[in-house]
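Raw model-v7.cif, mmCIF, C-alpha atoms:
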```cif
data_protein
#
loop_
_atom_site.label_atom_id
_atom_site.label_comp_id
_atom_site.auth_asym_id
_atom_site.auth_seq_id
_atom_site.Cartn_x
_atom_site.Cartn_y
_atom_site.Cartn_z
CA MET A 116 15.84 18.63 -3.39
CA ALA A 117 12.77 17.94 -1.27
CA ALA A 118 11.12 16.11 -4.14
CA ALA A 119 14.23 14.00 -4.71
CA LEU A 120 14.39 13.13 -1.03
CA SER A 121 10.73 12.14 -1.01
CA SER A 122 11.20 9.98 -4.10
CA LYS A 123 14.18 8.25 -2.50
CA ARG A 124 12.24 7.47 0.64
CA TRP A 125 9.43 6.12 -1.49
CA SER A 126 11.71 3.77 -3.39
CA GLN A 127 13.49 2.52 -0.29
CA SER A 128 10.89 1.55 2.28
CA ARG A 129 7.65 3.52 2.24
CA HIS A 130 5.79 1.89 -0.65
CA TYR A 131 3.32 -0.17 1.36
CA GLU A 132 2.69 2.61 3.88
CA TRP A 133 2.11 5.17 1.14
CA MET A 134 -0.38 3.00 -0.71
CA THR A 135 -2.18 2.13 2.52
CA ASP A 136 -2.49 5.83 3.38
CA TYR A 137 -3.64 6.57 -0.17
CA LEU A 138 -6.47 4.02 0.08
CA ALA A 139 -7.39 5.07 3.60
CA ALA A 140 -7.66 8.72 2.60
CA ARG A 141 -10.18 7.71 -0.05
CA ARG A 142 -12.05 5.32 2.27
CA MET A 143 -11.22 2.34 0.06
CA THR A 144 -9.55 0.02 2.58
CA ALA A 145 -12.81 -1.76 3.48
CA ALA A 146 -13.50 -2.54 -0.18
CA VAL A 147 -9.95 -3.85 -0.66
CA ARG A 148 -10.28 -6.05 2.43
CA VAL A 149 -13.50 -7.55 1.08
CA MET A 150 -11.92 -8.13 -2.33
CA MET A 151 -8.75 -9.77 -0.98
CA GLY A 152 -10.71 -11.84 1.53
CA GLY A 153 -12.92 -13.00 -1.33
CA ILE A 154 -9.91 -13.98 -3.42
CA ALA A 155 -8.43 -15.98 -0.55
CA ALA A 156 -11.77 -17.65 0.16
CA SER A 157 -12.32 -18.53 -3.51
CA LEU A 158 -8.91 -20.22 -3.62
CA ALA A 159 -9.77 -22.35 -0.60
CA LEU A 160 -13.30 -23.20 -1.76
CA CYS A 161 -12.14 -24.18 -5.26
CA LEU A 162 -9.62 -26.56 -3.76
CA LEU A 163 -12.27 -28.10 -1.50
CA VAL A 164 -14.42 -28.73 -4.57
CA LEU A 165 -11.47 -30.36 -6.34
CA LEU A 166 -10.79 -32.56 -3.34
CA ARG A 167 -14.37 -33.81 -3.61
CA PHE A 168 -14.58 -34.15 -7.42
CA ASP A 169 -11.81 -34.96 -9.92
CA GLY A 170 -9.10 -33.88 -7.52
CA PRO A 171 -5.64 -35.15 -6.68
CA MET A 172 -5.05 -38.78 -5.87
CA GLY A 173 -2.51 -40.22 -3.49
CA THR A 174 -1.51 -39.24 0.01
CA VAL A 175 1.06 -36.59 -0.87
CA PRO A 176 -0.98 -34.72 -3.53
CA VAL A 177 -4.06 -34.73 -1.30
CA ALA A 178 -2.01 -33.42 1.62
CA MET A 179 -0.53 -30.69 -0.59
CA THR A 180 -4.03 -29.60 -1.64
CA TRP A 181 -5.27 -29.52 1.96
CA VAL A 182 -2.30 -27.37 2.93
CA ALA A 183 -3.07 -25.02 0.03
CA ALA A 184 -6.73 -24.79 1.12
CA ALA A 185 -5.67 -24.06 4.69
CA CYS A 186 -3.46 -21.24 3.38
CA GLY A 187 -6.47 -19.78 1.60
CA PHE A 188 -8.56 -19.84 4.77
CA ALA A 189 -5.66 -18.26 6.69
CA GLY A 190 -5.62 -15.42 4.17
CA LEU A 191 -9.37 -14.98 4.58
CA ALA A 192 -8.96 -14.84 8.37
CA LEU A 193 -6.27 -12.18 8.08
CA TRP A 194 -8.33 -9.86 5.89
CA ALA A 195 -11.45 -10.41 7.99
CA TRP A 196 -9.47 -9.56 11.14
CA ARG A 197 -7.70 -6.36 10.14
CA TRP A 198 -5.79 -4.40 7.54
CA PRO A 199 -2.45 -6.23 7.53
CA THR A 200 0.82 -4.70 8.61
CA HIS A 201 3.64 -4.62 6.07
CA SER A 202 5.09 -7.90 7.39
CA GLN A 203 1.68 -9.57 7.44
CA SER A 204 1.03 -8.43 3.88
CA VAL A 205 4.33 -9.89 2.68
CA ALA A 206 3.50 -13.14 4.49
CA PHE A 207 0.06 -13.21 2.84
CA ALA A 208 1.61 -12.78 -0.60
CA VAL A 209 4.23 -15.49 -0.06
CA VAL A 210 1.80 -17.96 1.51
CA SER A 211 -0.74 -17.40 -1.28
CA ASN A 212 1.99 -17.95 -3.85
CA ILE A 213 2.99 -21.21 -2.17
CA ALA A 214 -0.65 -22.33 -1.94
CA ILE A 215 -1.21 -21.86 -5.67
CA ALA A 216 2.05 -23.66 -6.44
CA LEU A 217 1.13 -26.63 -4.24
CA SER A 218 -2.35 -26.95 -5.71
CA CYS A 219 -1.07 -26.81 -9.31
CA LEU A 220 1.73 -29.31 -8.67
CA ALA A 221 -0.68 -31.68 -6.93
CA TYR A 222 -3.36 -31.63 -9.63
CA PRO A 223 -3.29 -34.82 -11.73
CA ASN A 224 -4.43 -33.27 -15.03
CA PRO A 225 -1.57 -31.21 -16.52
CA HIS A 226 -3.98 -29.10 -18.62
CA GLY A 227 -5.88 -28.14 -15.48
CA ALA A 228 -2.61 -27.54 -13.64
CA LEU A 229 -1.38 -25.13 -16.32
CA LEU A 230 -4.75 -23.39 -16.39
CA GLY A 231 -4.50 -22.99 -12.62
CA CYS A 232 -1.21 -21.13 -13.04
CA ILE A 233 -3.23 -18.15 -14.26
CA SER A 234 -4.17 -17.70 -10.59
CA PHE A 235 -0.60 -16.55 -9.95
CA ALA A 236 -1.51 -13.36 -11.84
CA THR A 237 -3.98 -12.39 -9.11
CA ILE A 238 -1.32 -12.49 -6.41
CA ALA A 239 1.15 -10.89 -8.82
CA ALA A 240 -1.23 -7.93 -9.21
CA TYR A 241 -1.50 -7.56 -5.42
CA ILE A 242 2.27 -7.68 -4.99
CA ALA A 243 2.83 -5.21 -7.83
CA PHE A 244 0.42 -2.74 -6.22
CA PHE A 245 1.70 -2.93 -2.65
CA HIS A 246 5.21 -4.36 -2.61
CA SER A 247 8.73 -4.33 -4.00
CA THR A 248 10.13 -5.38 -7.33
CA ALA A 249 12.02 -8.19 -5.58
CA LEU A 250 8.77 -9.76 -4.39
CA VAL A 251 7.27 -9.41 -7.86
CA LEU A 252 10.28 -11.27 -9.29
CA TYR A 253 9.98 -13.98 -6.63
CA ASN A 254 6.35 -14.57 -7.57
CA PHE A 255 7.26 -14.67 -11.25
CA ALA A 256 10.07 -17.17 -10.62
CA VAL A 257 7.72 -19.57 -8.82
CA THR A 258 5.10 -19.06 -11.54
CA SER A 259 7.64 -19.90 -14.24
CA VAL A 260 8.81 -23.10 -12.56
CA VAL A 261 5.32 -24.43 -11.87
CA SER A 262 4.06 -23.47 -15.34
CA VAL A 263 7.00 -25.10 -17.11
CA ILE A 264 6.48 -28.30 -15.11
CA ALA A 265 2.82 -28.41 -16.13
CA ALA A 266 3.67 -27.65 -19.78
CA ALA A 267 6.34 -30.37 -19.78
CA ARG A 268 3.75 -32.89 -18.57
CA ILE A 269 1.47 -31.87 -21.46
CA ALA A 270 4.33 -32.18 -23.96
CA MET A 271 5.25 -35.61 -22.63
CA SER A 272 1.68 -36.75 -23.33
CA GLY A 273 2.24 -36.01 -27.03
CA HIS A 274 0.79 -32.47 -27.26
CA THR A 275 3.95 -30.43 -27.65
CA ALA A 276 2.42 -27.61 -29.71
CA MET A 277 -0.46 -27.23 -27.28
CA ALA A 278 1.98 -27.16 -24.37
CA ILE A 279 4.01 -24.36 -25.97
CA VAL A 280 0.97 -22.25 -26.88
CA ASP A 281 -0.72 -22.69 -23.50
CA LEU A 282 2.51 -21.91 -21.67
CA PHE A 283 2.93 -18.75 -23.75
CA ILE A 284 -0.59 -17.56 -22.89
CA VAL A 285 -0.18 -18.26 -19.17
CA MET A 286 3.21 -16.53 -19.00
CA GLN A 287 1.93 -13.58 -21.03
CA ILE A 288 -0.83 -12.98 -18.48
CA ASN A 289 1.56 -13.38 -15.55
CA ILE A 290 4.01 -10.90 -17.07
CA ALA A 291 1.70 -8.25 -18.50
CA MET A 292 -0.57 -7.75 -15.49
CA PRO A 293 2.02 -7.20 -12.73
CA VAL A 294 4.39 -5.20 -14.96
CA ALA A 295 1.64 -2.80 -16.02
CA ILE A 296 0.41 -2.33 -12.45
CA HIS A 297 3.91 -2.01 -11.03
CA VAL A 298 4.94 0.70 -13.51
CA LEU A 299 1.75 2.70 -13.01
CA VAL A 300 1.82 2.44 -9.23
CA ARG A 301 5.47 3.42 -9.00
CA ALA A 302 4.76 6.50 -11.11
CA LEU A 303 1.79 7.28 -8.88
CA GLY A 304 3.98 6.74 -5.84
CA VAL A 305 6.45 9.44 -6.83
CA ASP A 306 3.58 11.87 -7.40
CA LEU A 307 2.08 10.97 -4.03
CA ALA A 308 5.39 11.55 -2.27
CA ARG A 309 5.69 14.97 -3.87
CA ALA A 310 2.03 15.79 -3.18
CA ASP A 311 2.56 15.31 0.56
CA ARG A 312 5.43 17.79 0.75
CA ASP A 313 5.58 21.55 0.71
CA PRO A 314 7.76 22.27 -2.36
CA LEU A 315 9.70 25.12 -0.73
CA THR A 316 10.58 23.69 2.68
CA GLY A 317 10.24 19.95 2.13
CA LEU A 318 8.02 19.71 5.23
CA LEU A 319 4.66 17.95 5.23
CA ASN A 320 1.75 19.95 3.88
CA ARG A 321 -1.40 20.40 5.95
CA ARG A 322 -3.20 17.28 4.68
CA ALA A 323 -0.19 15.04 5.15
CA PHE A 324 0.48 16.59 8.56
CA TYR A 325 -2.97 15.53 9.74
CA ALA A 326 -2.46 12.00 8.42
CA GLN A 327 0.99 11.59 9.99
CA SER A 328 -0.19 13.10 13.29
CA ALA A 329 -2.97 10.52 13.44
CA LYS A 330 -0.40 7.77 12.82
CA LEU A 331 1.84 9.19 15.55
CA LEU A 332 -1.11 9.14 17.91
CA ALA A 333 -1.93 5.55 17.01
CA ALA A 334 1.67 4.35 17.29
CA GLU A 335 2.52 5.81 20.68
CA PRO A 336 1.42 3.83 23.77
CA ALA A 337 -1.15 5.52 26.02
CA HIS A 338 1.25 5.72 28.97
CA PRO A 339 0.08 7.68 32.04
CA GLY A 340 1.50 11.18 31.92
CA ARG A 341 2.22 11.21 28.19
CA HIS A 342 0.50 13.99 26.28
CA LEU A 343 -0.09 14.84 22.66
CA VAL A 344 1.07 18.42 22.11
CA MET A 345 0.02 20.54 19.17
CA VAL A 346 2.29 23.50 18.41
CA VAL A 347 1.51 26.37 16.05
CA VAL A 348 4.49 28.52 15.02
CA ASP A 349 3.91 31.83 13.25
CA LEU A 350 6.81 34.05 12.18
CA ASP A 351 6.66 37.59 13.56
CA ASP A 352 6.32 40.49 11.13
CA PHE A 353 7.25 38.25 8.20
CA LYS A 354 5.86 40.79 5.73
CA ARG A 355 8.65 43.16 6.77
CA ILE A 356 11.27 40.63 5.64
CA ASN A 357 9.65 40.34 2.22
CA ASP A 358 9.22 44.10 1.87
CA THR A 359 12.72 44.95 3.09
CA TYR A 360 14.88 42.17 1.67
CA GLY A 361 12.74 40.74 -1.13
CA HIS A 362 10.78 37.53 -1.63
CA GLN A 363 13.94 35.49 -2.22
CA ALA A 364 15.09 36.38 1.29
CA GLY A 365 11.64 35.50 2.57
CA ASP A 366 11.85 32.06 0.96
CA GLU A 367 15.33 31.52 2.42
CA THR A 368 14.01 32.46 5.86
CA LEU A 369 11.15 29.97 5.58
CA SER A 370 13.62 27.26 4.55
CA ALA A 371 15.90 28.13 7.48
CA VAL A 372 12.99 27.85 9.92
CA ALA A 373 12.04 24.51 8.36
CA ARG A 374 15.57 23.26 9.09
CA ALA A 375 15.50 24.67 12.62
CA LEU A 376 12.29 22.95 13.72
CA PRO A 377 13.68 19.37 13.58
CA ARG A 378 16.62 20.52 15.72
CA ALA A 379 14.23 22.02 18.24
CA VAL A 380 12.25 18.78 18.65
CA ALA A 381 15.23 16.41 18.45
CA GLY A 382 14.71 13.38 20.65
CA VAL A 383 10.94 13.87 20.78
CA PRO A 384 8.48 11.78 18.72
CA ALA A 385 7.13 14.51 16.44
CA VAL A 386 5.57 15.38 13.10
CA ILE A 387 6.40 18.73 11.47
CA GLY A 388 4.53 20.53 8.72
CA ARG A 389 4.01 23.87 7.04
CA SER A 390 0.35 24.83 7.08
CA GLY A 391 0.77 27.79 4.73
CA GLY A 392 2.43 31.17 4.45
CA GLU A 393 4.70 31.80 7.43
CA GLU A 394 2.90 29.32 9.70
CA PHE A 395 4.30 25.96 10.78
CA VAL A 396 2.75 23.18 12.87
CA VAL A 397 4.25 20.49 15.09
CA ALA A 398 2.56 17.50 16.73
CA ALA A 399 4.69 15.90 19.45
CA VAL A 400 4.44 13.38 22.26
CA TRP A 401 5.46 15.06 25.52
CA GLN A 402 6.09 13.56 28.95
CA THR A 403 4.02 16.07 30.96
CA ASP A 404 1.01 18.36 30.58
CA ASP A 405 3.32 21.38 30.43
CA PRO A 406 4.86 21.72 26.95
CA THR A 407 6.43 25.10 27.75
CA PRO A 408 10.03 23.75 27.59
CA LEU A 409 9.33 22.39 24.10
CA ALA A 410 7.78 25.68 22.98
CA GLU A 411 10.72 27.64 24.39
CA ARG A 412 13.16 25.40 22.52
CA ILE A 413 11.31 26.09 19.28
CA CYS A 414 11.13 29.82 19.98
CA GLY A 415 14.84 29.97 20.89
CA GLU A 416 15.99 27.89 17.92
CA ILE A 417 14.25 30.25 15.50
CA ALA A 418 15.48 33.40 17.26
CA ALA A 419 19.05 32.06 17.04
CA LEU A 420 18.95 31.83 13.25
CA PRO A 421 21.20 34.25 11.32
CA GLU A 422 18.09 35.47 9.50
CA PRO A 423 16.35 38.42 11.21
CA VAL A 424 13.29 36.45 12.34
CA THR A 425 11.45 35.49 15.52
CA ALA A 426 8.29 33.49 16.09
CA SER A 427 5.17 33.43 18.22
CA VAL A 428 4.51 29.90 19.47
CA GLY A 429 1.19 28.55 20.74
CA THR A 430 0.65 25.14 22.32
CA ALA A 431 -2.25 22.95 23.40
CA CYS A 432 -2.17 19.40 24.71
CA THR A 433 -4.27 16.48 25.86
CA ALA A 434 -3.56 13.14 27.52
CA MET A 435 -2.69 10.38 25.06
CA GLY A 436 -5.47 8.11 26.32
CA SER A 437 -8.25 10.62 25.72
CA ALA A 438 -6.73 11.66 22.41
CA ARG A 439 -7.32 8.21 20.95
CA VAL A 440 -11.09 8.68 21.08
CA GLY A 441 -12.12 10.52 17.91
CA ARG A 442 -8.63 11.21 16.59
CA GLU A 443 -9.64 13.60 13.82
CA SER A 444 -11.81 15.78 16.07
CA THR A 445 -9.09 15.76 18.74
CA LEU A 446 -6.43 16.94 16.30
CA GLU A 447 -8.70 19.66 14.94
CA HIS A 448 -9.56 20.90 18.44
CA LEU A 449 -5.92 20.95 19.51
CA LEU A 450 -4.92 22.82 16.37
CA ARG A 451 -7.57 25.48 16.96
CA ALA A 452 -6.55 25.80 20.60
CA ALA A 453 -2.85 26.08 19.75
CA ASP A 454 -3.69 28.65 17.09
CA ALA A 455 -5.54 30.76 19.68
CA ALA A 456 -2.55 30.45 22.02
CA MET A 457 -0.21 31.55 19.24
CA TYR A 458 -2.23 34.73 18.68
CA ALA A 459 -2.06 35.41 22.42
CA ALA A 460 1.74 35.19 22.21
CA LYS A 461 1.72 37.50 19.19
CA ARG A 462 -0.45 40.07 21.02
CA ALA A 463 2.06 39.97 23.87
CA GLY A 464 4.74 41.28 21.52
CA GLY A 465 5.98 38.19 19.67
CA ASN A 466 9.08 36.07 20.19
CA LYS A 467 7.13 34.41 23.00
CA CYS A 468 5.26 31.20 23.66
CA HIS A 469 1.82 30.76 25.18
CA HIS A 470 0.00 27.62 26.33
CA TYR A 471 -3.74 27.05 25.98
CA ASN A 472 -4.65 26.02 29.52
CA GLU A 473 -8.17 24.68 29.10
CA PRO A 474 -7.92 20.85 28.89
CA TYR A 475 -9.60 19.05 26.03
CA ARG A 476 -12.15 16.43 27.06
#
```
Would you mind giving the structure from this file in structure tokens?
Amino acid sequence: MAAALSSKRWSQSRHYEWMTDYLAARRMTAAVRVMMGGIAASLALCLLVLLRFDGPMGTVPVAMTWVAAACGFAGLALWAWRWPTHSQSVAFAVVSNIAIALSCLAYPNPHGALLGCISFATIAAYIAFFHSTALVLYNFAVTSVVSVIAAARIAMSGHTAMAIVDLFIVMQINIAMPVAIHVLVRALGVDLARADRDPLTGLLNRRAFYAQSAKLLAAEPAHPGRHLVMVVVDLDDFKRINDTYGHQAGDETLSAVARALPRAVAGVPAVIGRSGGEEFVVAAVWQTDDPTPLAERICGEIAALPEPVTASVGTACTAMGSARVGRESTLEHLLRAADAAMYAAKRAGGNKCHHYNEPYR
């Protein structure tokens, strides 16, 4: 069920975010930015060369080519500035598509115009990797129209066979490349969605929890008084449940706790994961430096389950502003501190919460 839910989320809206996270985790975003910036720059520079030598003639074609070149430089500026958001990435794809269409339609030589339609495949590959099937189809529709216009101009000049063959080659490239990438990436996407989830509870695994906690930290404004809280939840005497009722009962208890945690943090920006065994972790944005009410809600929600289980809960927090400096080290420190607080609660008898009082600086 968890895998199906993850796959559904992937197919609906998370494609770009998943692929961005995938590249970031492998430290590949800088290389992709350089590559895409280079592609945008090459489009603009090629058009500038054409404007100087053997380029379009007439006011309208020249204006179309200048607009296309400006679009290329805009794409270069975007990739030089930052990794684009989802909306910016869609805009880049659409604008690049329009730029290629304008330059091909404006070019006076139909053979050169049809050859230029191969450039659509570059943007098609980008769209297939990062975006939806609908955007892939949009790019293909524009490619088809522009390519057919160029081929028709060749046919009207008396080279019908050449027009048909060249059109076939151009369309073959523009179909094969994005389709192959799109199929492979979608298959990879389902595997990535499953890889981020604990198969038993459906919660984030430890690696994905770190990544989503960092995103939560980046997304939330550094408002005075707001704190990032790390919570470690460890079930008390869980071995007794397995030994007394069997491992099936133990698995059902873990699943019940996984369902209880979202109820406990309802209304609070939070990320929930299972770090392994009977231990769960929560990262939340809290309004004060005292997360005791949140910890008590978690402790109480678990104790209220029909399963015979309680939990020891440890917390640690830091101000949102300071947490933004060195996010990974901050998260690791908070997790260690919350873990120490959890063991203090366990030594006190369990079914309790304890806060790590030393502030992180």
Can you work out which one of A:Ala267, A:Met457, A:Leu282, A:Val294 has the shortest atom-to-atom distance to A:Met345, counting all atoms listed in the file?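 Result for the nearest residue to A:Met345: A:Met457.
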Would you write out, as JSON lines, a table of all residues in stretch 357-436 of chain A that have an atom no more than 8 Å from an atom of stretch 312-330 of chain A, listing for each the closest atom pair and the distance in Å to one decimal, considering all atoms listed in the file and ordering rows by chain and rising residue number?
```
{"residue": "A:Asp366", "atom": "CA", "partner": "A:Leu315", "partner_atom": "CA", "distance": 7.5}
{"residue": "A:Leu369", "atom": "CA", "partner": "A:Thr316", "partner_atom": "CA", "distance": 6.9}
{"residue": "A:Ser370", "atom": "CA", "partner": "A:Thr316", "partner_atom": "CA", "distance": 5.0}
{"residue": "A:Ala373", "atom": "CA", "partner": "A:Thr316", "partner_atom": "CA", "distance": 5.9}
{"residue": "A:Val386", "atom": "CA", "partner": "A:Ser328", "partner_atom": "CA", "distance": 6.2}
{"residue": "A:Ile387", "atom": "CA", "partner": "A:Leu318", "partner_atom": "CA", "distance": 6.5}
{"residue": "A:Gly388", "atom": "CA", "partner": "A:Leu319", "partner_atom": "CA", "distance": 4.3}
{"residue": "A:Arg389", "atom": "CA", "partner": "A:Asn320", "partner_atom": "CA", "distance": 5.5}
{"residue": "A:Ser390", "atom": "CA", "partner": "A:Arg321", "partner_atom": "CA", "distance": 4.9}
{"residue": "A:Gly391", "atom": "CA", "partner": "A:Arg321", "partner_atom": "CA", "distance": 7.8}
{"residue": "A:Ala398", "atom": "CA", "partner": "A:Ser328", "partner_atom": "CA", "distance": 6.2}
```
The PyMOL selection byres ((chain A and resi 226) around 8) resolved against shown file, as a list in words: Asn224, Pro225, Gly227, Ala228, Leu229, Leu230, Ala265, Ala266 and Ile269 of chain A
Please produce an output containing C-alpha atoms for each residue in the selection, written as a compact mmCIF listing (two decimals), in the frame of the given file.
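Done, and the output landed in part_16.txt:
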```
# COMPACT_ATOMS: atom_id res chain seq x y z
CA ASN A 224 -4.43 -33.27 -15.03
CA PRO A 225 -1.57 -31.21 -16.52
CA GLY A 227 -5.88 -28.14 -15.48
CA ALA A 228 -2.61 -27.54 -13.64
CA LEU A 229 -1.38 -25.13 -16.32
CA LEU A 230 -4.75 -23.39 -16.39
CA ALA A 265 2.82 -28.41 -16.13
CA ALA A 266 3.67 -27.65 -19.78
CA ILE A 269 1.47 -31.87 -21.46
```
Using all atoms listed in the file: which of A:Ile215, A:Met292, A:Leu163, A:Val344 has the shortest distance to A:Thr403: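 Of all the options, A:Val344 lies closest to A:Thr403.
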As a check of understanding, name the residues that the PyMOL selection byres ((chain A and resi 135) around 12) selects in the supplied structure, as a ChimeraX atom specification. /A:129-134,136-145,147-148,198-201,204,244-246,304,307,326,330
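If you measure from each of A:Thr248, A:Gln203, A:Ser262, A:Ser272 to A:His297 using all atoms listed in the file, the closest one turns out to be A:Thr248.
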Considering all atoms listed in the file, return as a list in words whatever protein or nucleic-acid residues lie within 10 Å of A:Gly170, sequence-local ones (same chain, fewer than 4 positions apart) excluded.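 These residues fall inside the cut-off: Leu162, Leu163, Val164, Leu165, Leu166, Pro176, Val177, Thr180, Ser218, Ala221, Tyr222, Pro223 and Asn224 of chain A.
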Counting all atoms listed in the file, which of A:Gln402, A:Thr368, A:Leu343, A:Arg374 gets nearest to A:Leu331?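 Ranking A:Gln402, A:Thr368, A:Leu343, A:Arg374 by distance to A:Leu331, first place goes to A:Leu343.
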Apply the PyMOL selection byres ((chain A and resi 426-433) around 8) to the file shown and report the selected residues as a PDB file with C-alpha atoms, keeping the file's coordinate frame.
```
ATOM      1  CA  HIS A 342       0.500  13.990  26.280  1.00  0.00           C
ATOM      2  CA  LEU A 343      -0.090  14.840  22.660  1.00  0.00           C
ATOM      3  CA  VAL A 344       1.070  18.420  22.110  1.00  0.00           C
ATOM      4  CA  MET A 345       0.020  20.540  19.170  1.00  0.00           C
ATOM      5  CA  VAL A 346       2.290  23.500  18.410  1.00  0.00           C
ATOM      6  CA  VAL A 347       1.510  26.370  16.050  1.00  0.00           C
ATOM      7  CA  VAL A 348       4.490  28.520  15.020  1.00  0.00           C
ATOM      8  CA  ASP A 349       3.910  31.830  13.250  1.00  0.00           C
ATOM      9  CA  LEU A 350       6.810  34.050  12.180  1.00  0.00           C
ATOM     10  CA  ASP A 351       6.660  37.590  13.560  1.00  0.00           C
ATOM     11  CA  ASP A 404       1.010  18.360  30.580  1.00  0.00           C
ATOM     12  CA  PRO A 406       4.860  21.720  26.950  1.00  0.00           C
ATOM     13  CA  THR A 407       6.430  25.100  27.750  1.00  0.00           C
ATOM     14  CA  ALA A 410       7.780  25.680  22.980  1.00  0.00           C
ATOM     15  CA  ILE A 413      11.310  26.090  19.280  1.00  0.00           C
ATOM     16  CA  CYS A 414      11.130  29.820  19.980  1.00  0.00           C
ATOM     17  CA  ILE A 417      14.250  30.250  15.500  1.00  0.00           C
ATOM     18  CA  ALA A 418      15.480  33.400  17.260  1.00  0.00           C
ATOM     19  CA  VAL A 424      13.290  36.450  12.340  1.00  0.00           C
ATOM     20  CA  THR A 425      11.450  35.490  15.520  1.00  0.00           C
ATOM     21  CA  ALA A 434      -3.560  13.140  27.520  1.00  0.00           C
ATOM     22  CA  MET A 435      -2.690  10.380  25.060  1.00  0.00           C
ATOM     23  CA  SER A 437      -8.250  10.620  25.720  1.00  0.00           C
ATOM     24  CA  ALA A 438      -6.730  11.660  22.410  1.00  0.00           C
ATOM     25  CA  LEU A 449      -5.920  20.950  19.510  1.00  0.00           C
ATOM     26  CA  LEU A 450      -4.920  22.820  16.370  1.00  0.00           C
ATOM     27  CA  ALA A 452      -6.550  25.800  20.600  1.00  0.00           C
ATOM     28  CA  ALA A 453      -2.850  26.080  19.750  1.00  0.00           C
ATOM     29  CA  ASP A 454      -3.690  28.650  17.090  1.00  0.00           C
ATOM     30  CA  ALA A 455      -5.540  30.760  19.680  1.00  0.00           C
ATOM     31  CA  ALA A 456      -2.550  30.450  22.020  1.00  0.00           C
ATOM     32  CA  MET A 457      -0.210  31.550  19.240  1.00  0.00           C
ATOM     33  CA  TYR A 458      -2.230  34.730  18.680  1.00  0.00           C
ATOM     34  CA  ALA A 459      -2.060  35.410  22.420  1.00  0.00           C
ATOM     35  CA  ALA A 460       1.740  35.190  22.210  1.00  0.00           C
ATOM     36  CA  LYS A 461       1.720  37.500  19.190  1.00  0.00           C
ATOM     37  CA  GLY A 465       5.980  38.190  19.670  1.00  0.00           C
ATOM     38  CA  ASN A 466       9.080  36.070  20.190  1.00  0.00           C
ATOM     39  CA  LYS A 467       7.130  34.410  23.000  1.00  0.00           C
ATOM     40  CA  CYS A 468       5.260  31.200  23.660  1.00  0.00           C
ATOM     41  CA  HIS A 469       1.820  30.760  25.180  1.00  0.00           C
ATOM     42  CA  HIS A 470       0.000  27.620  26.330  1.00  0.00           C
ATOM     43  CA  TYR A 471      -3.740  27.050  25.980  1.00  0.00           C
ATOM     44  CA  ASN A 472      -4.650  26.020  29.520  1.00  0.00           C
ATOM     45  CA  PRO A 474      -7.920  20.850  28.890  1.00  0.00           C
ATOM     46  CA  TYR A 475      -9.600  19.050  26.030  1.00  0.00           C
ATOM     47  CA  ARG A 476     -12.150  16.430  27.060  1.00  0.00           C
TER      48      ARG A 476
END
```
For atom CA of A:Ala185 and atom CA of A:Met286, determine how far apart the two atoms are, in Å to one decimal place.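 Atom CA of A:Met286 lies at a distance of 26.4 Å from atom CA of A:Ala185.
Distances from A:Pro293, A:Gly187, A:Gly415, A:Gly231 to A:Met151 were compared using all atoms listed in the file, and the smallest one belongs to A:Gly187.
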Given the choices A:Leu446, A:Val397, A:Ala278, A:Val209, which gets closest to A:Gly190 if the distance is worked out from all atoms listed in the file?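 For A:Gly190, the nearest of the given residues is A:Val209.
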Separation of atom CA of A:Asn212 and atom CA of A:Phe255, in Å?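 Straight-line distance from atom CA of A:Asn212 to atom CA of A:Phe255 works out to 9.7 Å.
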Please determine an axis-aligned box that encloses all atoms of stretch 134-141 of chain A listed in the file, with 6 Å added on each side, and express its centre and edge lengths in Å to one decimal as lines of an AutoDock Vina configuration file.
```
center_x = -5.3
center_y = 5.4
center_z = 1.4
size_x = 21.8
size_y = 18.6
size_z = 16.3
```
One decimal, in Å: what's the spacing between atom CA of A:Ala249 and atom CA of A:Asp281?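 Distance between the two atoms: 26.3 Å.
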Within 8 Å of A:Val149, counting all atoms listed in the file, which residues qualify if same-chain residues fewer than 3 places away don't, as a PyMOL selection string? chain A and resi 145-146+152-153+194-195
